[in-house]
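Listing of protein.cif, mmCIF, C-alpha atoms and all ligand atoms
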data_coords
loop_
_atom_site.label_atom_id
_atom_site.label_comp_id
_atom_site.auth_asym_id
_atom_site.auth_seq_id
_atom_site.Cartn_x
_atom_site.Cartn_y
_atom_site.Cartn_z
CA MET A 28 193.73 48.42 225.70
CA SER A 29 191.40 46.27 227.78
CA ASN A 30 187.66 46.52 227.35
CA ILE A 31 185.80 49.31 229.11
CA THR A 32 182.83 47.98 231.04
CA LEU A 33 180.04 49.29 233.23
CA HIS A 34 182.29 48.47 236.18
CA THR A 35 185.07 50.70 234.76
CA LEU A 36 182.76 53.66 234.27
CA THR A 37 180.95 53.32 237.60
CA ALA A 38 184.35 53.26 239.32
CA ARG A 39 185.27 56.46 237.44
CA LYS A 40 182.29 58.22 238.97
CA GLN A 41 183.25 57.03 242.45
CA ALA A 42 186.79 58.30 241.88
CA GLY A 43 185.50 61.65 240.62
CA GLU A 44 187.00 61.04 237.16
CA LYS A 45 185.11 62.10 234.05
CA PHE A 46 184.71 60.11 230.82
CA ALA A 47 183.80 60.87 227.22
CA VAL A 48 181.08 59.52 224.95
CA LEU A 49 180.68 60.13 221.21
CA THR A 50 178.11 58.89 218.72
CA ALA A 51 179.19 56.60 215.88
CA TYR A 52 177.07 54.64 213.45
CA ASP A 53 179.51 52.57 211.38
CA ALA A 54 182.62 50.37 211.69
CA THR A 55 185.22 52.86 210.42
CA PHE A 56 184.24 55.64 212.79
CA ALA A 57 183.75 53.19 215.67
CA HIS A 58 187.35 52.08 215.10
CA LEU A 59 188.61 55.67 215.06
CA VAL A 60 186.58 56.80 218.09
CA SER A 61 187.63 53.85 220.22
CA SER A 62 191.27 54.03 219.05
CA ALA A 63 191.27 57.68 220.15
CA GLY A 64 190.46 56.55 223.69
CA ILE A 65 186.82 57.63 223.89
CA GLU A 66 185.35 55.44 226.62
CA MET A 67 181.86 54.91 225.21
CA ILE A 68 180.24 54.91 221.76
CA LEU A 69 176.58 55.87 221.50
CA VAL A 70 174.75 54.39 218.53
CA GLY A 71 172.13 57.11 218.76
CA ASP A 72 168.82 57.30 216.97
CA SER A 73 170.21 60.69 215.92
CA LEU A 74 171.27 58.57 212.93
CA GLY A 75 167.78 59.29 211.60
CA MET A 76 168.73 62.93 211.24
CA VAL A 77 172.49 62.66 210.68
CA LEU A 78 172.60 59.70 208.27
CA GLN A 79 169.09 59.54 206.84
CA GLY A 80 168.25 63.25 206.61
CA GLN A 81 164.98 62.88 208.52
CA SER A 82 163.63 65.96 210.31
CA SER A 83 163.30 64.07 213.63
CA THR A 84 164.30 60.73 215.17
CA LEU A 85 160.75 59.34 214.99
CA PRO A 86 161.09 57.35 211.73
CA VAL A 87 164.03 55.24 213.00
CA THR A 88 163.28 51.51 213.42
CA VAL A 89 164.66 48.78 215.69
CA ASP A 90 166.05 46.93 212.64
CA GLU A 91 167.96 50.05 211.60
CA MET A 92 169.34 50.46 215.14
CA ALA A 93 170.40 46.79 215.17
CA TYR A 94 172.08 47.15 211.75
CA HIS A 95 174.15 50.17 212.86
CA THR A 96 174.90 48.63 216.25
CA ALA A 97 176.32 45.53 214.55
CA SER A 98 178.44 47.70 212.23
CA VAL A 99 179.80 49.68 215.19
CA ALA A 100 180.50 46.50 217.16
CA ARG A 101 182.65 45.15 214.28
CA GLY A 102 184.85 48.26 214.23
CA ASN A 103 184.99 48.90 217.95
CA GLN A 104 188.29 48.28 219.76
CA SER A 105 187.57 48.58 223.48
CA ALA A 106 184.80 51.12 224.08
CA MET A 107 181.51 50.32 225.79
CA ILE A 108 178.66 50.45 223.24
CA MET A 109 175.30 52.03 224.11
CA SER A 110 172.39 51.77 221.65
CA ASP A 111 169.15 53.70 221.54
CA LEU A 112 165.78 52.00 221.62
CA PRO A 113 163.93 54.03 218.97
CA PHE A 114 160.51 55.70 219.10
CA MET A 115 157.65 53.43 220.31
CA SER A 116 159.89 50.38 220.65
CA TYR A 117 159.53 50.30 224.47
CA SER A 118 155.91 51.33 225.10
CA THR A 119 155.48 48.26 227.33
CA PRO A 120 158.06 46.31 229.37
CA GLU A 121 157.56 43.28 227.09
CA GLN A 122 158.28 45.36 224.01
CA ALA A 123 161.30 46.90 225.75
CA MET A 124 162.67 43.43 226.48
CA ASP A 125 162.13 42.02 222.96
CA ASN A 126 163.71 45.06 221.31
CA SER A 127 166.58 45.34 223.81
CA ALA A 128 167.38 41.70 223.05
CA LYS A 129 167.81 42.63 219.37
CA LEU A 130 170.21 45.48 220.20
CA MET A 131 172.19 43.43 222.72
CA GLN A 132 172.49 40.55 220.25
CA ALA A 133 173.72 43.04 217.65
CA GLY A 134 176.55 44.03 220.01
CA ALA A 135 175.25 46.69 222.41
CA HIS A 136 176.46 46.56 226.03
CA ILE A 137 173.74 48.89 227.40
CA VAL A 138 170.48 50.28 226.00
CA LYS A 139 169.13 53.82 226.30
CA LEU A 140 165.46 54.78 226.42
CA GLU A 141 163.80 58.18 226.78
CA GLY A 142 161.41 59.07 229.59
CA GLY A 143 160.82 59.53 233.30
CA ASP A 144 159.47 57.39 236.12
CA TRP A 145 156.99 55.60 233.82
CA LEU A 146 160.05 53.63 232.62
CA CYS A 147 160.67 52.09 236.06
CA ASP A 148 158.95 48.75 235.31
CA SER A 149 160.89 48.31 232.07
CA VAL A 150 164.16 49.32 233.71
CA ARG A 151 163.60 46.83 236.55
CA MET A 152 162.69 43.96 234.22
CA LEU A 153 165.64 44.60 231.93
CA ALA A 154 168.12 44.97 234.78
CA GLU A 155 166.89 41.76 236.41
CA ARG A 156 167.44 39.96 233.12
CA GLY A 157 171.00 41.23 232.70
CA VAL A 158 170.47 44.21 230.41
CA PRO A 159 171.98 47.47 231.70
CA VAL A 160 169.76 50.49 231.04
CA CYS A 161 170.39 54.22 230.69
CA PRO A 162 167.25 56.34 230.95
CA HIS A 163 167.45 59.66 229.01
CA LEU A 164 165.81 62.63 230.80
CA GLY A 165 165.29 66.30 230.05
CA LEU A 166 164.93 67.06 226.36
CA THR A 167 163.81 63.71 224.97
CA PRO A 168 163.81 64.14 221.18
CA GLN A 169 161.38 61.26 220.53
CA ALA A 170 158.79 63.39 222.39
CA VAL A 171 159.49 66.54 220.34
CA ASN A 172 155.85 66.81 219.25
CA LYS A 173 154.62 66.66 222.84
CA LEU A 174 157.33 69.05 224.07
CA GLY A 175 156.49 71.54 221.30
CA GLY A 176 160.03 71.79 219.94
CA TYR A 177 163.63 71.19 220.96
CA ARG A 178 163.75 73.28 224.14
CA VAL A 179 165.62 73.29 227.43
CA GLN A 180 163.70 71.25 230.06
CA GLY A 181 163.44 71.60 233.85
CA ARG A 182 163.55 75.40 233.92
CA ASP A 183 160.60 75.80 236.28
CA ARG A 184 160.67 74.56 239.85
CA GLN A 185 157.98 71.93 239.42
CA SER A 186 159.55 70.21 236.41
CA ALA A 187 163.01 70.46 238.03
CA LEU A 188 161.76 68.70 241.17
CA LYS A 189 160.02 66.05 239.05
CA MET A 190 163.29 65.37 237.16
CA ILE A 191 165.22 65.00 240.42
CA GLU A 192 162.60 62.54 241.70
CA ASP A 193 162.47 60.61 238.44
CA ALA A 194 166.25 60.24 238.42
CA LYS A 195 166.21 58.78 241.92
CA LYS A 196 163.30 56.43 241.15
CA LEU A 197 165.03 55.18 238.00
CA GLU A 198 168.23 54.55 239.93
CA ASP A 199 166.24 52.62 242.54
CA ALA A 200 164.54 50.61 239.77
CA GLY A 201 167.98 49.44 238.60
CA ALA A 202 169.19 51.97 236.00
CA SER A 203 172.95 51.69 235.46
CA MET A 204 173.51 55.22 234.08
CA LEU A 205 171.48 58.34 233.32
CA LEU A 206 171.66 60.77 230.42
CA LEU A 207 170.52 64.40 230.75
CA GLU A 208 169.92 66.47 227.61
CA CYS A 209 169.41 70.25 227.60
CA VAL A 210 168.77 70.92 231.28
CA PRO A 211 170.04 73.85 233.36
CA THR A 212 173.59 73.41 234.66
CA LEU A 213 172.61 73.62 238.34
CA LEU A 214 169.80 71.07 237.97
CA ALA A 215 172.16 68.62 236.23
CA GLU A 216 174.69 69.18 239.02
CA GLU A 217 172.11 68.36 241.67
CA ILE A 218 170.93 65.19 239.89
CA THR A 219 174.56 64.08 239.41
CA ARG A 220 175.25 64.54 243.11
CA ASN A 221 172.03 62.72 244.13
CA VAL A 222 172.72 59.41 242.37
CA GLU A 223 175.52 56.84 242.61
CA ILE A 224 175.32 55.89 238.92
CA PRO A 225 177.24 57.82 236.23
CA VAL A 226 175.37 60.75 234.67
CA ILE A 227 176.15 61.64 231.04
CA GLY A 228 175.28 65.16 229.93
CA ILE A 229 174.69 66.99 226.65
CA GLY A 230 173.72 70.62 227.02
CA ALA A 231 173.62 69.87 230.77
CA GLY A 232 176.63 71.87 231.92
CA HIS A 233 180.05 70.91 233.21
CA HIS A 234 179.19 69.09 236.46
CA THR A 235 177.96 65.76 235.04
CA ASP A 236 180.18 62.66 235.27
CA ALA A 237 180.50 62.36 231.49
CA GLN A 238 179.71 64.21 228.28
CA VAL A 239 178.30 63.10 224.96
CA LEU A 240 178.19 64.85 221.59
CA VAL A 241 176.92 63.86 218.17
CA MET A 242 180.07 63.20 216.13
CA HIS A 243 179.01 65.26 213.12
CA ASP A 244 178.33 68.26 215.39
CA MET A 245 181.78 68.19 217.01
CA LEU A 246 183.43 67.80 213.59
CA GLY A 247 181.60 70.93 212.46
CA ILE A 248 179.92 69.25 209.47
CA THR A 249 176.28 69.35 210.56
CA PRO A 250 174.40 71.78 208.30
CA GLY A 251 172.55 74.71 209.84
CA ARG A 252 172.79 76.49 213.15
CA ARG A 253 175.05 74.96 215.82
CA PRO A 254 173.46 74.48 219.26
CA LYS A 255 175.03 76.41 222.15
CA PHE A 256 176.41 73.26 223.82
CA VAL A 257 178.37 72.10 220.76
CA LYS A 258 182.03 72.84 220.12
CA ASP A 259 183.72 72.31 216.73
CA PHE A 260 186.92 70.45 217.66
CA MET A 261 188.23 70.48 214.07
CA THR A 262 189.21 74.13 214.51
CA GLU A 263 191.93 72.92 216.95
CA ALA A 264 192.83 69.65 215.18
CA ASP A 265 194.74 68.51 212.09
CA SER A 266 192.78 65.29 211.70
CA ILE A 267 189.50 63.69 212.71
CA GLU A 268 191.32 61.32 215.07
CA GLN A 269 193.00 64.30 216.76
CA ALA A 270 189.62 66.03 217.14
CA PHE A 271 188.32 62.90 218.92
CA ARG A 272 191.42 62.85 221.15
CA LEU A 273 191.10 66.56 222.02
CA TYR A 274 187.44 66.07 222.88
CA GLY A 275 188.24 63.14 225.20
CA ASP A 276 191.16 65.00 226.81
CA GLN A 277 189.11 68.15 227.41
CA VAL A 278 186.15 66.23 228.85
CA ARG A 279 188.44 64.28 231.21
CA ALA A 280 190.28 67.49 232.21
CA GLY A 281 186.98 69.27 232.83
CA THR A 282 187.78 72.02 230.31
CA PHE A 283 184.96 71.03 227.91
CA PRO A 284 182.19 71.97 228.29
CA GLY A 285 182.86 75.40 229.70
CA PRO A 286 180.25 77.45 231.54
CA GLU A 287 179.45 79.15 228.21
CA HIS A 288 178.16 75.83 226.77
CA GLY A 289 175.54 75.41 229.52
CA PHE A 290 172.06 76.76 230.22
CA GLU A 291 171.07 78.81 233.27
O1 LIG B 1 170.69 59.92 219.51
C1 LIG B 1 171.61 60.56 220.06
O2 LIG B 1 172.65 60.86 219.47
C2 LIG B 1 171.43 60.93 221.46
C3 LIG B 1 172.36 61.94 222.04
C4 LIG B 1 172.08 63.29 221.49
C5 LIG B 1 172.32 61.93 223.52
O3 LIG B 1 170.52 60.44 222.09
NA NA B 2 168.95 59.43 220.87
#
Show me this structure written as structure tokens.
Amino acid sequence: MSNITLHTLTARKQAGEKFAVLTAYDATFAHLVSSAGIEMILVGDSLGMVLQGQSSTLPVTVDEMAYHTASVARGNQSAMIMSDLPFMSYSTPEQAMDNSAKLMQAGAHIVKLEGGDWLCDSVRMLAERGVPVCPHLGLTPQAVNKLGGYRVQGRDRQSALKMIEDAKKLEDAGASMLLLECVPTLLAEEITRNVEIPVIGIGAGHHTDAQVLVMHDMLGITPGRRPKFVKDFMTEADSIEQAFRLYGDQVRAGTFPGPEHGFE
């Protein structure tokens, strides 16, 4: 299988073909996820919760992200690798550049950062210097204390319009992809239609160009209550690799997520 690049995934959007993204944090799972045909691996700062047992993503450091990115890169077969810039590692464009360099040198192909139009300067500077960027909008978990909990974003007209504007401004600044987390299905559909770059969704309905899930959630092994947008693929699979394949197949076929996984 040849390597999947930004070019591959942008062409998918233009062709109206969906693609699948899954988190992975180590070499063994990166090998399995990419062998199962998942197009992109997200080395998410969700590793703070999933691997470290933290109660939020805030304690995660750049060095930890670089360590897990390098592990994933060693196991990866052909997927594109996206890595998260963690909390407070991109407060200024200079900081964003220094810390993106660490993730790219560890093996990332694109970096993700959380926020709205205030990221435009960083996005522009990174893009100009050859670093693809994916801004993450909607529920941005690094801002959980400001948001007052993990809640659906963009439900009122004013915040919905602001998200639509931010998405456009970030595209114009040079963003290569967007990620929408926990936003109403119709808002995510409108943003996806408004931009040329691929839009990845989680809890953002079935109209985005791609979907992402945290691996442990879709394997049904995350303790506690399961969010509405998650599906346990192990209930249909005989093995972890088959669960990854089913997830990819259903995302590409447009059968996952269903309307029942989205928010009004
Ligand atoms: O860290 C992560 O896994 C993420 C996804 C939930 C989008 O950012
Ligand atoms: Na994240």
Given only C-alpha atoms as the basis, pick out the residue of A:Ser62, A:Ser203, A:Gln180, A:Ser29 nearest to A:Ala154.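 Among the listed residues, the smallest separation from A:Ala154 belongs to A:Ser203.
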Name all residues at most 9 Å from stretch 219-224 of chain A (count all atoms listed in the file; drop same-chain ones fewer than 2 positions away) and give them as a CSV table (one decimal) with C-alpha atoms, in the frame of the given file.
chain,number,residue,atom,x,y,z
A,37,THR,CA,181.0,53.3,237.6
A,40,LYS,CA,182.3,58.2,239.0
A,41,GLN,CA,183.2,57.0,242.4
A,191,ILE,CA,165.2,65.0,240.4
A,194,ALA,CA,166.2,60.2,238.4
A,195,LYS,CA,166.2,58.8,241.9
A,198,GLU,CA,168.2,54.6,239.9
A,202,ALA,CA,169.2,52.0,236.0
A,203,SER,CA,173.0,51.7,235.5
A,204,MET,CA,173.5,55.2,234.1
A,205,LEU,CA,171.5,58.3,233.3
A,214,LEU,CA,169.8,71.1,238.0
A,215,ALA,CA,172.2,68.6,236.2
A,216,GLU,CA,174.7,69.2,239.0
A,217,GLU,CA,172.1,68.4,241.7
A,226,VAL,CA,175.4,60.8,234.7
A,227,ILE,CA,176.2,61.6,231.0
A,234,HIS,CA,179.2,69.1,236.5
A,235,THR,CA,178.0,65.8,235.0
A,236,ASP,CA,180.2,62.7,235.3
Sorted per-residue table, chain A near ligand NA 2 (chain B), closest atoms and distance, 6 Å, all atoms listed in the file, as CSV:
residue,atom,partner,partner_atom,distance
A:Gly71,CA,B:NA2,NA,4.5
A:Asp72,CA,B:NA2,NA,4.4
A:Ser73,CA,B:NA2,NA,5.3
A:Asp111,CA,B:NA2,NA,5.8
Distance criterion (all atoms listed in the file): nearest to ligand LIG 1 (chain B) out of A:Gly201, A:Pro286, A:Pro113, A:Gly176: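 So, comparing all the options, the nearest one is A:Pro113.
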Close residues, A:Met242 itself excluded, 8 Å, all atoms listed in the file, min 5 positions apart in chain, as a list in words: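 Residues near the query, excluding close chain neighbours: Leu49, Thr50 and Ala51 of chain A.
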With only C-alpha atoms counted, which protein, DNA or RNA residues have an atom no more than 7 Å from (163.8, 65.3, 217.3) in the file frame? Please answer as a list in words. Ser83, Thr84, Pro168, Gln169, Val171 and Tyr177 of chain A
For stretch 152-190 of chain A of the block above, can you save N, CA and C atoms as a compact mmCIF listing (two decimals), in the first residue's frame?
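Output file decode02.txt is given in full below:
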# COMPACT_ATOMS: atom_id res chain seq x y z
N MET A 152 1.74 30.94 9.73
CA MET A 152 3.20 30.80 9.85
C MET A 152 3.63 29.35 9.68
N LEU A 153 2.87 28.43 10.25
CA LEU A 153 3.21 27.01 10.11
C LEU A 153 3.07 26.57 8.66
N ALA A 154 1.95 26.94 8.04
CA ALA A 154 1.70 26.51 6.65
C ALA A 154 2.79 27.05 5.73
N GLU A 155 3.17 28.31 5.94
CA GLU A 155 4.21 28.91 5.10
C GLU A 155 5.54 28.19 5.24
N ARG A 156 5.74 27.59 6.42
CA ARG A 156 7.01 26.90 6.69
C ARG A 156 6.92 25.39 6.43
N GLY A 157 5.82 24.97 5.81
CA GLY A 157 5.74 23.57 5.38
C GLY A 157 5.12 22.62 6.38
N VAL A 158 4.45 23.15 7.39
CA VAL A 158 3.79 22.28 8.37
C VAL A 158 2.27 22.35 8.17
N PRO A 159 1.66 21.26 7.71
CA PRO A 159 0.19 21.27 7.59
C PRO A 159 -0.46 21.34 8.96
N VAL A 160 -1.59 22.04 9.03
CA VAL A 160 -2.25 22.27 10.32
C VAL A 160 -3.73 21.92 10.22
N CYS A 161 -4.24 21.31 11.29
CA CYS A 161 -5.66 20.99 11.42
C CYS A 161 -6.21 21.67 12.67
N PRO A 162 -6.87 22.80 12.54
CA PRO A 162 -7.53 23.39 13.70
C PRO A 162 -8.73 22.52 14.16
N HIS A 163 -8.92 22.47 15.47
CA HIS A 163 -9.97 21.65 16.11
C HIS A 163 -10.97 22.63 16.73
N LEU A 164 -12.21 22.59 16.25
CA LEU A 164 -13.27 23.53 16.65
C LEU A 164 -14.40 22.80 17.35
N GLY A 165 -15.27 23.58 17.99
CA GLY A 165 -16.41 22.99 18.69
C GLY A 165 -16.02 22.72 20.13
N LEU A 166 -16.25 21.50 20.59
CA LEU A 166 -15.80 21.13 21.94
C LEU A 166 -14.29 20.93 21.88
N THR A 167 -13.58 21.83 22.52
CA THR A 167 -12.12 21.78 22.55
C THR A 167 -11.71 21.38 23.97
N PRO A 168 -11.36 20.11 24.19
CA PRO A 168 -11.19 19.61 25.55
C PRO A 168 -10.13 20.32 26.39
N GLN A 169 -9.13 20.93 25.72
CA GLN A 169 -8.12 21.67 26.50
C GLN A 169 -8.74 22.90 27.17
N ALA A 170 -9.91 23.33 26.68
CA ALA A 170 -10.59 24.50 27.26
C ALA A 170 -11.75 24.08 28.16
N VAL A 171 -11.72 22.84 28.66
CA VAL A 171 -12.87 22.32 29.42
C VAL A 171 -13.23 23.21 30.61
N ASN A 172 -12.21 23.82 31.23
CA ASN A 172 -12.50 24.65 32.41
C ASN A 172 -13.22 25.94 32.02
N LYS A 173 -12.88 26.46 30.85
CA LYS A 173 -13.54 27.67 30.35
C LYS A 173 -14.94 27.33 29.84
N LEU A 174 -15.08 26.17 29.21
CA LEU A 174 -16.38 25.78 28.64
C LEU A 174 -17.35 25.32 29.73
N GLY A 175 -16.82 24.99 30.93
CA GLY A 175 -17.68 24.55 32.01
C GLY A 175 -18.16 23.12 31.84
N GLY A 176 -17.33 22.29 31.26
CA GLY A 176 -17.67 20.87 31.10
C GLY A 176 -17.58 20.44 29.66
N TYR A 177 -17.76 19.13 29.43
CA TYR A 177 -17.70 18.57 28.09
C TYR A 177 -19.11 18.63 27.49
N ARG A 178 -19.42 19.72 26.81
CA ARG A 178 -20.77 19.92 26.28
C ARG A 178 -20.74 20.20 24.79
N VAL A 179 -21.88 19.93 24.15
CA VAL A 179 -22.05 20.21 22.73
C VAL A 179 -21.91 21.73 22.52
N GLN A 180 -21.18 22.13 21.47
CA GLN A 180 -20.93 23.55 21.19
C GLN A 180 -21.67 23.97 19.91
N GLY A 181 -21.96 25.28 19.80
CA GLY A 181 -22.57 25.81 18.58
C GLY A 181 -24.07 25.59 18.51
N ARG A 182 -24.70 25.46 19.68
CA ARG A 182 -26.15 25.19 19.69
C ARG A 182 -26.95 26.45 19.49
N ASP A 183 -26.43 27.60 19.96
CA ASP A 183 -27.16 28.85 19.72
C ASP A 183 -26.65 29.51 18.45
N ARG A 184 -27.52 30.37 17.89
CA ARG A 184 -27.25 30.96 16.58
C ARG A 184 -25.94 31.73 16.53
N GLN A 185 -25.66 32.48 17.60
CA GLN A 185 -24.47 33.32 17.61
C GLN A 185 -23.19 32.48 17.58
N SER A 186 -23.14 31.44 18.40
CA SER A 186 -21.92 30.63 18.43
C SER A 186 -21.80 29.77 17.16
N ALA A 187 -22.96 29.41 16.57
CA ALA A 187 -22.93 28.65 15.31
C ALA A 187 -22.35 29.52 14.19
N LEU A 188 -22.82 30.78 14.12
CA LEU A 188 -22.30 31.69 13.08
C LEU A 188 -20.81 31.95 13.26
N LYS A 189 -20.40 32.09 14.52
CA LYS A 189 -18.97 32.33 14.83
C LYS A 189 -18.13 31.13 14.37
N MET A 190 -18.65 29.91 14.57
CA MET A 190 -17.89 28.71 14.17
C MET A 190 -17.77 28.63 12.65
